[in-house]
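*Asks:* For reference, the structure I am asking about is given below.
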Number of protein chains: 2
Amino acid sequence: MQTPLKGACVIGQSGGPTSVINASAYGVIRTALDSEHITAVYGAAHGIKGVLNEQLYDMGQEDAAELERLRNTPSSALGSCRYKIADPDADETDYKRIVEVFEKHNVRYFFYNGGNDSMDTCNKISRYFAKVGYECRVMGVPKTIDNDLFGTDHCPGFGSAARYVATSFMEVYKDARVYDTGQVTIIEIMGRHAGWLTASAALASHFGCGPDLIYVPEMAFDMDKFLTDVTAIYERQGNVLVAVSEGIHDKDGKLIAEYGATSEKSRDSFGHVQLGGLAATLAAIVKARTGAKVRGIELSLLQRCAAHLASQTDIDEAFLAGKTAVEAAVAGESGKMVAFERDMSSGQYVCKTVLLPLEKVANFEKTLPLEWVTPDGSGITQEFIDYALPLIQGEPQRAMQDSLPRFAELKKILV
Amino acid sequence: MQTPLKGACVIGQSGGPTSVINASAYGVIRTALDSEHITAVYGAAHGIKGVLNEQLYDMGQEDAAELERLRNTPSSALGSCRYKIADPDADETDYKRIVEVFEKHNVRYFFYNGGNDSMDTCNKISRYFAKVGYECRVMGVPKTIDNDLFGTDHCPGFGSAARYVATSFMEVYKDARVYDTGQVTIIEIMGRHAGWLTASAALASHFGCGPDLIYVPEMAFDMDKFLTDVTAIYERQGNVLVAVSEGIHDKDGKLIAEYGATSEKSRDSFGHVQLGGLAATLAAIVKARTGAKVRGIELSLLQRCAAHLASQTDIDEAFLAGKTAVEAAVAGESGKMVAFERDMSSGQYVCKTVLLPLEKVANFEKTLPLEWVTPDGSGITQEFIDYALPLIQGEPQRAMQDSLPRFAELKKILV
């Protein structure tokens, strides 16, 4: 263990938000505020942009009870960004500015809460600090509903989104078969390159209320086979429920969301992804083919912000990731991301934290194992259910006011 | 009080389902099973079609614990229909068949659980029974997320859908402003002719996380004014959140969902409601006008089946409506719908049941009072908040299994 650095810390949030990213931020903020070595805790407004613009909120001035409510407040409380930082070997401008701002506020710890791109940012900053000899420990705190971060058993944010997806499928399953006239229902789920969240629809099947067909972006989508399968199920049982990832594409890599003109009826209407996206496009194609009543549903932002359906396991683990990052940094670690390992040795699911070098994590995407997709390409195996089920456990105990969510209200006082 | 009739009862469900329509069905079934006067309780498969087809489930053979779970099981457990029954003066075929089936099974009580159309069906059947002298008491049990039934303070199903809408707006509000680059988010809510559910988005505003603009179908929608207002808010604050009813239309009555060709960019893409509906159409128009990042979200089926976000008040009142219908029928009432009256005399919200003649209820739609819309046509007043807030109260205590819903599993044994 190295000597703890004495100085301030900065926490930033980046990329698309989740239901529990604030639980991770709270894990960082609470642990840092309680640390005898960390002299001040600053929240960067809109991720690294807040550092570059010197827009830092003094977390020490927040009310403790409001901070605690971050556990159940969706989205990125500090604001997020999708800022792609330059390669430091090509352009040092941003990095010099970061050092300037950090030196000014004596920042010696930097925690960055995000997904693949954010870990890349984190890694570049960490390497730059080492190169120029600026003493500051840098730690990545993972988040993503996509569950696609390399080297970790799973990512904070995934379990809650999976619980939302599974619950929504069970509820829609009930709704979409009330009439005896038949219906095809197609539900679009986030995940451009990784099918983890779409696969979570299979959790609903585990309780008899799941999709008949599931399509993930790891497998090429065959429109003809899809239409044959939908039609067969429709003719056999009247109702069909389909889960599709927004990122499904054909064998040539063309996104199905951009398909069009496959039927005369809809020739003028396709090809504009802005107009409803994949679910609507597929719904139109299926309707033209089968004549069935078809409904396309896009879960959209709801799947990543429905904190009321978060998994308590996910909330606790998200907090743990933030807490572990601070404790590890104080103990001397730097250039690492907090990752999770699953320990089943007791026969029960136990989540343990490990630290991974950022350069191993940055910019790699972990996709769904192909062996967890059924051979016909339209189903998910029991192995995935066994993997995902522990992650969605626990109803969150959240603050409410008049039976509506009581979110954290931060003062956000600029330094 | 008349002599109770001795005989069987039939309960049917009709129209679009809600999160709590099964709580009403359970109110009927449980009370009827416990009644010494009712000899058997039959559930009609798919509403009145189940009577016509003699598809009746024997509710007496169901497990009591499973029936109890109907309180928290969304959608219509018995199946629904949208069957428009003929005018008995024009065509008696269906009515003769109903009498035939009812006589065969000695059915002396008929409970129909639905909205406007269902109350019309109920009314016609009641009048026909009176005309031909078939002794059977007919009671309507209200349901609709649209809250548009005449003569009742509110309808079972509305409070839960309103709680879902308000919660979703609060969560999306948080998500839709994480970036400092601005975003216009347009959320489409059900309600073709009545704006009650769309107005419920204002409940989120009550807690500081609501829409900037709300459009209900009771007011003509002016596209130019809408674009001016959205642009002004976007330029002023960067983020805009809009609530729109699926049924908004212009002053000539044309649905906005069918608008198109208002911008060159999107000329070929509009006018096909199946391709994403109103939210997507408005999103494309706003994007073309402002250049902003725009997201259209359709709450779709989720808003009427999200039983996990039901209001316990709504569940209890839905049950009460069913229970009251049975008790009233046994006591001699017929040709009535159970309605609610709000009693605020104690200073607290108290819901009381009253009985309304079916002919007064059938086919009338109760729309949102125009004085509850702000003068500029794009907001909702405090009067609505005060009206709706008591209806969304209470987190449901629902059965779960592995943190997913445990719905009622009925055996559905045909008589």
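The way I read the labels, and the way they are meant: chains A, B, ... in the order of the structure tokens, residue 1 as the first residue of every chain, and ligand 1 as the first ligand shown, with later ones counted on from there.
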Find the residues in chain B near chain A: any atom within 6 Å counts, using only C-alpha atoms. Write them as an MDAnalysis selection string.

*Replies:* chainID B and resid 75 79:81 171 174:175 178:179 269 275:276 280 305 393:394 403

*Asks:* With N, CA, C and O atoms kept, could you save the residues just selected as a compact mmCIF listing (two decimals), in the first residue's frame?

*Replies:*
```txt
# COMPACT_ATOMS: atom_id res chain seq x y z
N SER B 75 -54.17 -6.70 -17.51
CA SER B 75 -54.88 -7.20 -18.68
C SER B 75 -56.13 -7.96 -18.25
O SER B 75 -56.43 -8.09 -17.07
N GLY B 79 -60.04 -12.77 -20.94
CA GLY B 79 -60.05 -12.43 -22.38
C GLY B 79 -61.05 -11.32 -22.61
O GLY B 79 -62.01 -11.15 -21.87
N SER B 80 -60.79 -10.55 -23.66
CA SER B 80 -61.65 -9.40 -23.96
C SER B 80 -62.18 -9.51 -25.38
O SER B 80 -61.85 -10.44 -26.12
N CYS B 81 -63.02 -8.55 -25.76
CA CYS B 81 -63.51 -8.49 -27.14
C CYS B 81 -63.86 -7.05 -27.47
O CYS B 81 -63.93 -6.20 -26.58
N GLU B 171 -39.09 10.26 -14.67
CA GLU B 171 -37.86 9.53 -14.97
C GLU B 171 -37.26 10.00 -16.30
O GLU B 171 -36.05 10.23 -16.39
N LYS B 174 -35.54 13.35 -16.12
CA LYS B 174 -34.16 13.26 -15.63
C LYS B 174 -33.21 12.82 -16.75
O LYS B 174 -32.11 13.35 -16.89
N ASP B 175 -33.66 11.83 -17.50
CA ASP B 175 -32.79 11.27 -18.54
C ASP B 175 -32.58 12.24 -19.70
O ASP B 175 -31.47 12.35 -20.25
N VAL B 178 -29.49 15.13 -19.63
CA VAL B 178 -28.15 14.85 -19.09
C VAL B 178 -27.05 15.54 -19.89
O VAL B 178 -26.00 15.87 -19.37
N TYR B 179 -27.31 15.76 -21.17
CA TYR B 179 -26.28 16.40 -21.99
C TYR B 179 -26.51 17.91 -22.00
O TYR B 179 -27.62 18.38 -21.80
N SER B 269 -42.25 10.74 -45.91
CA SER B 269 -42.17 9.83 -44.77
C SER B 269 -43.39 9.88 -43.86
O SER B 269 -43.56 9.02 -43.02
N LEU B 275 -46.56 3.66 -39.04
CA LEU B 275 -45.12 3.79 -38.94
C LEU B 275 -44.70 4.70 -37.80
O LEU B 275 -43.99 5.68 -38.01
N GLY B 276 -45.13 4.42 -36.62
CA GLY B 276 -44.58 5.13 -35.49
C GLY B 276 -45.53 6.10 -34.84
O GLY B 276 -45.30 6.55 -33.74
N ALA B 280 -43.59 10.08 -33.35
CA ALA B 280 -42.56 10.04 -34.39
C ALA B 280 -42.82 11.12 -35.44
O ALA B 280 -41.89 11.78 -35.91
N CYS B 305 -50.79 -1.58 -18.98
CA CYS B 305 -50.56 -2.92 -18.41
C CYS B 305 -49.47 -2.94 -17.34
O CYS B 305 -49.15 -4.00 -16.82
N GLN B 393 -52.55 7.22 -5.38
CA GLN B 393 -51.85 6.93 -4.12
C GLN B 393 -51.72 5.44 -3.82
O GLN B 393 -52.65 4.67 -4.00
N GLY B 394 -50.56 5.09 -3.30
CA GLY B 394 -50.36 3.75 -2.76
C GLY B 394 -49.58 2.83 -3.68
O GLY B 394 -49.96 2.60 -4.81
N SER B 403 -38.09 -11.66 -8.04
CA SER B 403 -38.18 -10.21 -8.31
C SER B 403 -38.89 -9.86 -9.61
O SER B 403 -38.78 -8.75 -10.11
```

*Asks:* Stretch 108-115 of chain A: which residues within 6 Å, counting only C-alpha atoms, same-chain residues fewer than 5 positions away excluded, as a list in words?

*Replies:*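 With the cut-off at 6 Å, the set is Gly7, Ala8, Cys9, Val10, Ile11, Gly12, Gln13, Ser14, Gly15, Cys136, Arg137, Val138, Met139, Gly140, Val141, Pro142, Lys143 and Thr144 of chain A.
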
*Asks:* Taking all heavy atoms for each residue, export the selection above as a short mmCIF file (atom, residue, chain, number, x, y, z; two decimals), in the first residue's frame.

*Replies:*
```
data_model
loop_
_atom_site.label_atom_id
_atom_site.label_comp_id
_atom_site.auth_asym_id
_atom_site.auth_seq_id
_atom_site.Cartn_x
_atom_site.Cartn_y
_atom_site.Cartn_z
N GLY A 7 -5.41 15.44 -1.03
CA GLY A 7 -5.89 16.36 -2.05
C GLY A 7 -7.36 16.15 -2.34
O GLY A 7 -8.03 15.33 -1.69
N ALA A 8 -7.84 16.92 -3.30
CA ALA A 8 -9.25 16.85 -3.66
C ALA A 8 -9.48 15.73 -4.67
O ALA A 8 -8.55 15.21 -5.27
CB ALA A 8 -9.70 18.18 -4.24
N CYS A 9 -10.76 15.37 -4.85
CA CYS A 9 -11.10 14.43 -5.91
C CYS A 9 -12.17 15.03 -6.81
O CYS A 9 -12.92 15.90 -6.39
CB CYS A 9 -11.57 13.09 -5.34
SG CYS A 9 -13.29 13.02 -4.84
N VAL A 10 -12.17 14.55 -8.05
CA VAL A 10 -13.22 14.92 -9.00
C VAL A 10 -13.92 13.65 -9.45
O VAL A 10 -13.26 12.64 -9.74
CB VAL A 10 -12.64 15.67 -10.21
CG1 VAL A 10 -13.63 15.67 -11.39
CG2 VAL A 10 -12.28 17.11 -9.84
N ILE A 11 -15.25 13.71 -9.49
CA ILE A 11 -16.04 12.62 -10.04
C ILE A 11 -16.84 13.16 -11.23
O ILE A 11 -17.46 14.22 -11.15
CB ILE A 11 -17.00 12.00 -8.98
CG1 ILE A 11 -18.21 11.27 -9.61
CG2 ILE A 11 -17.58 13.04 -8.04
CD1 ILE A 11 -17.98 9.85 -9.94
N GLY A 12 -16.73 12.43 -12.34
CA GLY A 12 -17.49 12.82 -13.54
C GLY A 12 -18.30 11.64 -14.05
O GLY A 12 -17.96 10.48 -13.81
N GLN A 13 -19.39 11.94 -14.74
CA GLN A 13 -20.24 10.91 -15.33
C GLN A 13 -20.30 11.13 -16.84
O GLN A 13 -20.37 12.26 -17.30
CB GLN A 13 -21.66 10.97 -14.74
CG GLN A 13 -21.69 10.72 -13.24
CD GLN A 13 -23.09 10.85 -12.66
OE1 GLN A 13 -23.74 11.87 -12.81
NE2 GLN A 13 -23.54 9.81 -11.97
N SER A 14 -20.31 10.03 -17.59
CA SER A 14 -20.20 10.17 -19.03
C SER A 14 -21.01 9.10 -19.75
O SER A 14 -21.29 8.04 -19.19
CB SER A 14 -18.72 10.07 -19.40
OG SER A 14 -18.54 10.20 -20.78
N GLY A 15 -21.42 9.38 -20.97
CA GLY A 15 -22.18 8.42 -21.77
C GLY A 15 -23.65 8.38 -21.38
O GLY A 15 -24.11 9.18 -20.56
N CYS A 136 -1.76 12.18 -9.71
CA CYS A 136 -3.22 12.09 -9.55
C CYS A 136 -3.63 10.65 -9.87
O CYS A 136 -3.23 10.11 -10.90
CB CYS A 136 -3.91 13.06 -10.50
SG CYS A 136 -5.71 13.01 -10.42
N ARG A 137 -4.37 10.06 -9.01
CA ARG A 137 -4.80 8.67 -9.21
C ARG A 137 -6.14 8.65 -9.96
O ARG A 137 -7.07 9.36 -9.59
CB ARG A 137 -4.89 7.94 -7.88
CG ARG A 137 -3.48 7.81 -7.27
CD ARG A 137 -3.47 7.19 -5.92
NE ARG A 137 -2.10 7.31 -5.36
CZ ARG A 137 -1.82 7.18 -4.08
NH1 ARG A 137 -2.78 6.92 -3.20
NH2 ARG A 137 -0.57 7.31 -3.65
N VAL A 138 -6.18 7.82 -10.98
CA VAL A 138 -7.33 7.80 -11.90
C VAL A 138 -8.00 6.43 -11.83
O VAL A 138 -7.35 5.41 -12.00
CB VAL A 138 -6.85 8.07 -13.34
CG1 VAL A 138 -8.01 7.97 -14.32
CG2 VAL A 138 -6.17 9.45 -13.43
N MET A 139 -9.31 6.43 -11.61
CA MET A 139 -10.04 5.16 -11.53
C MET A 139 -11.32 5.22 -12.36
O MET A 139 -12.06 6.20 -12.31
CB MET A 139 -10.42 4.84 -10.08
CG MET A 139 -9.24 4.62 -9.14
SD MET A 139 -8.32 3.09 -9.49
CE MET A 139 -9.52 1.88 -8.93
N GLY A 140 -11.58 4.15 -13.06
CA GLY A 140 -12.82 4.03 -13.82
C GLY A 140 -13.88 3.30 -13.01
O GLY A 140 -13.60 2.31 -12.36
N VAL A 141 -15.09 3.84 -13.06
CA VAL A 141 -16.24 3.22 -12.38
C VAL A 141 -17.24 2.84 -13.47
O VAL A 141 -17.79 3.71 -14.13
CB VAL A 141 -16.88 4.18 -11.36
CG1 VAL A 141 -18.02 3.49 -10.62
CG2 VAL A 141 -15.84 4.71 -10.39
N PRO A 142 -17.46 1.55 -13.66
CA PRO A 142 -18.23 1.11 -14.83
C PRO A 142 -19.72 1.40 -14.71
O PRO A 142 -20.29 1.41 -13.63
CB PRO A 142 -18.00 -0.40 -14.85
CG PRO A 142 -17.78 -0.77 -13.42
CD PRO A 142 -17.05 0.41 -12.81
N LYS A 143 -20.34 1.63 -15.83
CA LYS A 143 -21.80 1.69 -15.95
C LYS A 143 -22.16 1.43 -17.40
O LYS A 143 -21.45 1.86 -18.30
CB LYS A 143 -22.36 3.06 -15.53
CG LYS A 143 -22.17 4.20 -16.54
CD LYS A 143 -23.20 4.33 -17.62
CE LYS A 143 -22.54 4.83 -18.91
NZ LYS A 143 -23.34 4.72 -20.09
N THR A 144 -23.20 0.70 -17.62
CA THR A 144 -23.84 0.62 -18.92
C THR A 144 -24.98 -0.39 -18.87
O THR A 144 -24.81 -1.49 -18.33
CB THR A 144 -22.88 0.21 -20.05
OG1 THR A 144 -23.65 -0.07 -21.22
CG2 THR A 144 -22.06 -1.03 -19.72
#
```

*Asks:* Could you pull out the residues in stretch 188-296 of chain A that DSSP calls strand (DSSP E) from the backbone, as a list in words?

*Replies:*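 Restricting stretch 188-296 of chain A to strand (DSSP E) produces Glu188, Ile189, Leu213, Ile214, Tyr215, Asn239, Val240, Leu241, Val242, Ala243, Val244, Ser245, Val294, Arg295 and Gly296 of chain A.
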
*Asks:* Within 7 Å of B:Val244, counting only C-alpha atoms, which residues show up once you throw out same-chain ones fewer than 5 positions away? Write them as number ranges by chain, please.

*Replies:* B: 187-189, 198, 214-216

*Asks:* List as a tab-separated table (two decimals) with C-alpha atoms, in the first residue's frame the protein and nucleic acid residues near stretch 362-369 of chain B, meaning an atom at most 7 Å away when only C-alpha atoms are counted, but skip any in the same chain fewer than 6 places from it.

*Replies:*
```
chain	number	residue	atom	x	y	z
B	116	ASN	CA	-68.41	3.04	-22.93
B	117	ASP	CA	-69.11	0.40	-25.54
B	119	MET	CA	-71.96	-0.26	-20.96
B	120	ASP	CA	-73.92	0.06	-24.19
B	148	ASP	CA	-64.14	9.08	-19.88
B	149	LEU	CA	-67.19	7.31	-18.46
B	150	PHE	CA	-70.13	9.57	-17.84
B	194	ALA	CA	-60.41	12.51	-23.75
B	195	GLY	CA	-57.27	14.12	-22.38
B	196	TRP	CA	-57.44	12.88	-18.79
B	218	GLU	CA	-60.26	18.61	-26.20
```

*Asks:* Atom CA of B:Ser24 to atom CA of B:Arg192: how many Å, to one decimal?

*Replies:* 23.9 Å

*Asks:* From the options A:Pro88, A:Tyr387, A:Ile285, A:Asp229, which residue's atoms come nearest to A:Leu241, counting only C-alpha atoms?

*Replies:*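 That would be A:Asp229, the residue with the smallest distance to A:Leu241.
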
*Asks:* Tell me which protein, DNA and RNA residues are within 12 Å of B:Tyr26, counting only C-alpha atoms, leaving out same-chain ones fewer than 5 positions away, and put them as a ChimeraX atom specification.

*Replies:* /B:11-13,20-21,31-34,41,43,59,62,64-73,76-78,111,113,141,315-326,408

*Asks:* Next, write the just-selected residues to a file, as a PDB file, in the first residue's frame, keeping C-alpha atoms as the atom set.

*Replies:*
```
ATOM      1  CA  ILE B  11     -68.791 -12.109 -15.479  1.00  0.00           C
ATOM      2  CA  GLY B  12     -67.335 -10.848 -18.753  1.00  0.00           C
ATOM      3  CA  GLN B  13     -64.578  -8.365 -19.582  1.00  0.00           C
ATOM      4  CA  VAL B  20     -56.653  -3.233 -12.536  1.00  0.00           C
ATOM      5  CA  ILE B  21     -59.560  -4.607 -14.584  1.00  0.00           C
ATOM      6  CA  THR B  31     -68.164 -11.720  -3.719  1.00  0.00           C
ATOM      7  CA  ALA B  32     -70.257 -13.964  -5.943  1.00  0.00           C
ATOM      8  CA  LEU B  33     -68.474 -17.126  -4.772  1.00  0.00           C
ATOM      9  CA  ASP B  34     -69.136 -16.062  -1.184  1.00  0.00           C
ATOM     10  CA  VAL B  41     -69.749 -18.209 -10.966  1.00  0.00           C
ATOM     11  CA  GLY B  43     -66.258 -16.311 -16.448  1.00  0.00           C
ATOM     12  CA  MET B  59     -64.568 -19.910 -11.388  1.00  0.00           C
ATOM     13  CA  GLU B  62     -60.064 -22.032  -9.363  1.00  0.00           C
ATOM     14  CA  ALA B  64     -58.525 -19.163  -4.070  1.00  0.00           C
ATOM     15  CA  ALA B  65     -54.946 -17.880  -3.834  1.00  0.00           C
ATOM     16  CA  GLU B  66     -54.652 -17.656  -7.612  1.00  0.00           C
ATOM     17  CA  LEU B  67     -57.920 -15.733  -7.813  1.00  0.00           C
ATOM     18  CA  GLU B  68     -56.621 -13.334  -5.170  1.00  0.00           C
ATOM     19  CA  ARG B  69     -53.594 -12.644  -7.388  1.00  0.00           C
ATOM     20  CA  LEU B  70     -55.965 -11.172  -9.959  1.00  0.00           C
ATOM     21  CA  ARG B  71     -55.676  -7.966  -7.911  1.00  0.00           C
ATOM     22  CA  ASN B  72     -52.166  -7.485  -9.294  1.00  0.00           C
ATOM     23  CA  THR B  73     -52.436  -9.199 -12.671  1.00  0.00           C
ATOM     24  CA  SER B  76     -58.175  -9.077 -18.936  1.00  0.00           C
ATOM     25  CA  ALA B  77     -57.695 -12.513 -17.399  1.00  0.00           C
ATOM     26  CA  LEU B  78     -60.876 -13.855 -18.952  1.00  0.00           C
ATOM     27  CA  PHE B 111     -71.774  -8.504 -14.721  1.00  0.00           C
ATOM     28  CA  ASN B 113     -66.652  -5.110 -16.921  1.00  0.00           C
ATOM     29  CA  VAL B 141     -68.605  -2.588 -13.719  1.00  0.00           C
ATOM     30  CA  ILE B 315     -56.757  -1.483  -7.093  1.00  0.00           C
ATOM     31  CA  ASP B 316     -58.931  -1.187  -3.989  1.00  0.00           C
ATOM     32  CA  GLU B 317     -61.558   0.878  -5.784  1.00  0.00           C
ATOM     33  CA  ALA B 318     -61.573  -1.480  -8.769  1.00  0.00           C
ATOM     34  CA  PHE B 319     -62.234  -4.363  -6.383  1.00  0.00           C
ATOM     35  CA  LEU B 320     -64.912  -2.306  -4.635  1.00  0.00           C
ATOM     36  CA  ALA B 321     -66.678  -1.636  -7.945  1.00  0.00           C
ATOM     37  CA  GLY B 322     -66.943  -5.370  -8.630  1.00  0.00           C
ATOM     38  CA  LYS B 323     -68.001  -6.205  -5.089  1.00  0.00           C
ATOM     39  CA  THR B 324     -70.623  -3.459  -5.077  1.00  0.00           C
ATOM     40  CA  ALA B 325     -72.071  -4.675  -8.367  1.00  0.00           C
ATOM     41  CA  VAL B 326     -72.673  -8.151  -6.929  1.00  0.00           C
ATOM     42  CA  ALA B 408     -52.547 -15.225 -11.311  1.00  0.00           C
TER      43      ALA B 408
END
```
